Amino acid sequence: MLWQFSGDAPIYSQLIEQIKVGIVSGVFPPGERLPSVRDLATEAGVNPNTMQRALTELERDGLVYSQRTAGRFVTEDKAMIETAKRALAERHINAFLDAMTRLGYQREEVINMLRQEITGGGNGDVSLAV
Amino acid sequence: MSVLQCNGLTKRYGKVPALEQVNLTVEPGRIVGLLGPNGSGKTTLIKLANGLLTPSEGELLICGAAPGRATHALVSYLPERTCIPTWMSARQLLDFYGDFYPDFRRDAAEEMLRHLDIPDTLRVKQMSKGTREKVQLIMVMSRQARLYLLDEPIGGVDPATRDYILSTIISNYNPEAAVVISTHLISDVEKVLDEVIFINRGQIMLQSSVDEIREEKGMSVDALFREVFKC
């Protein structure tokens, strides 16, 4: 997994986000055991207490659960993972729409541009990929 | 019990004050950054905790005791400058640490040396600066101490070596021990720290958790440091 951190948000909340991405993208599949706190912290290059805090919050949300001796596991509830995936997607969509609004595009234009970009069929407009 | 506690700690070199009325506590399980510009008192504080200096006023306690022979067994110290004997080979260094410190985990140190492909027979003087720093850190972190005092562990080494040093600190984490890292390379260590202590002209300006700073100020510790210590 690729761990990256920005300067403004708390590290634990960025860890929550990235572990969620790991879960919904199948890096950590449903029902699978997560690496130990220390191993995850070493891999991400973060403080073990911060990693612990992120995992505790994910546990509270139900995305991971712990078994007293065996460690922490990803939930087997696929509907819950799907909901988390949808929430992450919505956040990306909203951020994208906000950025497009700042550039001065109307919703209709945005939809047209997206359609063109996805189908690859342009009508002579400048490519967005540039 | 706190691993490190300072009450009204003051240190003067002749008439020159180096630390003034410092009050702070470091709890077990914490990795703490001691951050401040050059000449702020970081090294003085670390040397006081080691018993290499004695306070002018106030007190400093390691697990409740004043620095002395008993606390030397609890404190593992990485000095600012490499101090391991350069004529020794890696194996002799392991023997040396094993003889000196009953809490030295030789197997852990050997594994870390193996991981870096450092042969037993390689002498310290044959090692590059970066390798020497790594080897000394391995020795220091291989002790089962209660307090690790790391004075500028990442100064003067390349970014890959920095990453190695920081990941060695994380992977040797012990919830019963505290780690104090003094540095001014904040953006590199920020993610590894629980708390930071800002020190300037011998006085504590701030002690706070990293995520509290990010949450409350909306900026990284590095950005806050640049703001507080703007020249």
# chains A, B, ... in the order shown; residues from 1 in each chain; ligands from 1
>>> interface_residues(of="chain A", to="chain B", cutoff="8 Å", atoms="only C-alpha atoms", output="mmCIF file with C-alpha atoms, in the first residue's frame")
data_model
loop_
_atom_site.group_PDB
_atom_site.id
_atom_site.type_symbol
_atom_site.label_atom_id
_atom_site.label_comp_id
_atom_site.auth_asym_id
_atom_site.auth_seq_id
_atom_site.Cartn_x
_atom_site.Cartn_y
_atom_site.Cartn_z
ATOM 1 C CA GLY A 7 0.365 18.772 5.949
ATOM 2 C CA ASP A 8 -2.986 20.143 7.017
ATOM 3 C CA ALA A 9 -5.177 17.302 8.354
ATOM 4 C CA PRO A 10 -4.490 15.216 11.470
ATOM 5 C CA ILE A 11 -2.436 12.122 10.711
ATOM 6 C CA TYR A 12 -4.894 9.723 12.345
ATOM 7 C CA ARG A 38 3.455 -2.112 14.889
ATOM 8 C CA ASP A 39 3.808 -3.579 11.379
ATOM 9 C CA ALA A 41 2.875 1.734 11.695
ATOM 10 C CA THR A 42 6.317 0.733 10.401
ATOM 11 C CA GLY A 45 6.142 5.345 8.760
ATOM 12 C CA VAL A 46 3.883 6.694 11.496
ATOM 13 C CA ASN A 47 3.714 6.667 15.266
ATOM 14 C CA PRO A 48 2.275 3.375 16.595
ATOM 15 C CA ASN A 49 -0.116 5.212 18.951
ATOM 16 C CA THR A 50 -1.497 7.183 16.021
#
>>> select_by_dssp(residues="chain A", states="strand (DSSP E or B)", output="mmCIF file with C-alpha atoms, in the first residue's frame")
data_model
loop_
_atom_site.group_PDB
_atom_site.id
_atom_site.type_symbol
_atom_site.label_atom_id
_atom_site.label_comp_id
_atom_site.auth_asym_id
_atom_site.auth_seq_id
_atom_site.Cartn_x
_atom_site.Cartn_y
_atom_site.Cartn_z
ATOM 1 C CA ARG A 33 -6.585 -10.375 9.277
ATOM 2 C CA VAL A 64 -12.754 -3.672 11.308
ATOM 3 C CA TYR A 65 -13.255 -5.796 14.400
ATOM 4 C CA SER A 66 -10.841 -7.263 16.873
ATOM 5 C CA GLN A 67 -10.725 -10.687 18.359
ATOM 6 C CA GLY A 71 -5.835 -9.684 16.197
ATOM 7 C CA ARG A 72 -7.833 -7.338 14.010
ATOM 8 C CA PHE A 73 -9.884 -8.333 10.998
ATOM 9 C CA VAL A 74 -11.650 -6.592 8.132
#
>>> residues_around(residues="Ile181 in chain B", least_positions_apart="5", cutoff="8 Å", atoms="only C-alpha atoms", output="PyMOL selection string")
chain B and resi 31-34+149-153
>>> closest_residue(among="B:Ser76, B:Ser56, B:Ile186, B:Thr43", to="Pro17 in chain B", atoms="only C-alpha atoms")
B:Ser56
>>> residues_around(residues="Val26 in chain B", least_positions_apart="3", cutoff="10 Å", atoms="only C-alpha atoms", output="PyMOL selection string")
chain B and resi 1-6+29-32+62-63+147+177-180+195
>>> residues_around(residues="Ile16 in chain A", least_positions_apart="6", cutoff="10 Å", atoms="only C-alpha atoms", output="list in words")
Gly22, Met51, Arg53, Ala54, Leu55, Thr56, Glu57 and Leu58 of chain A
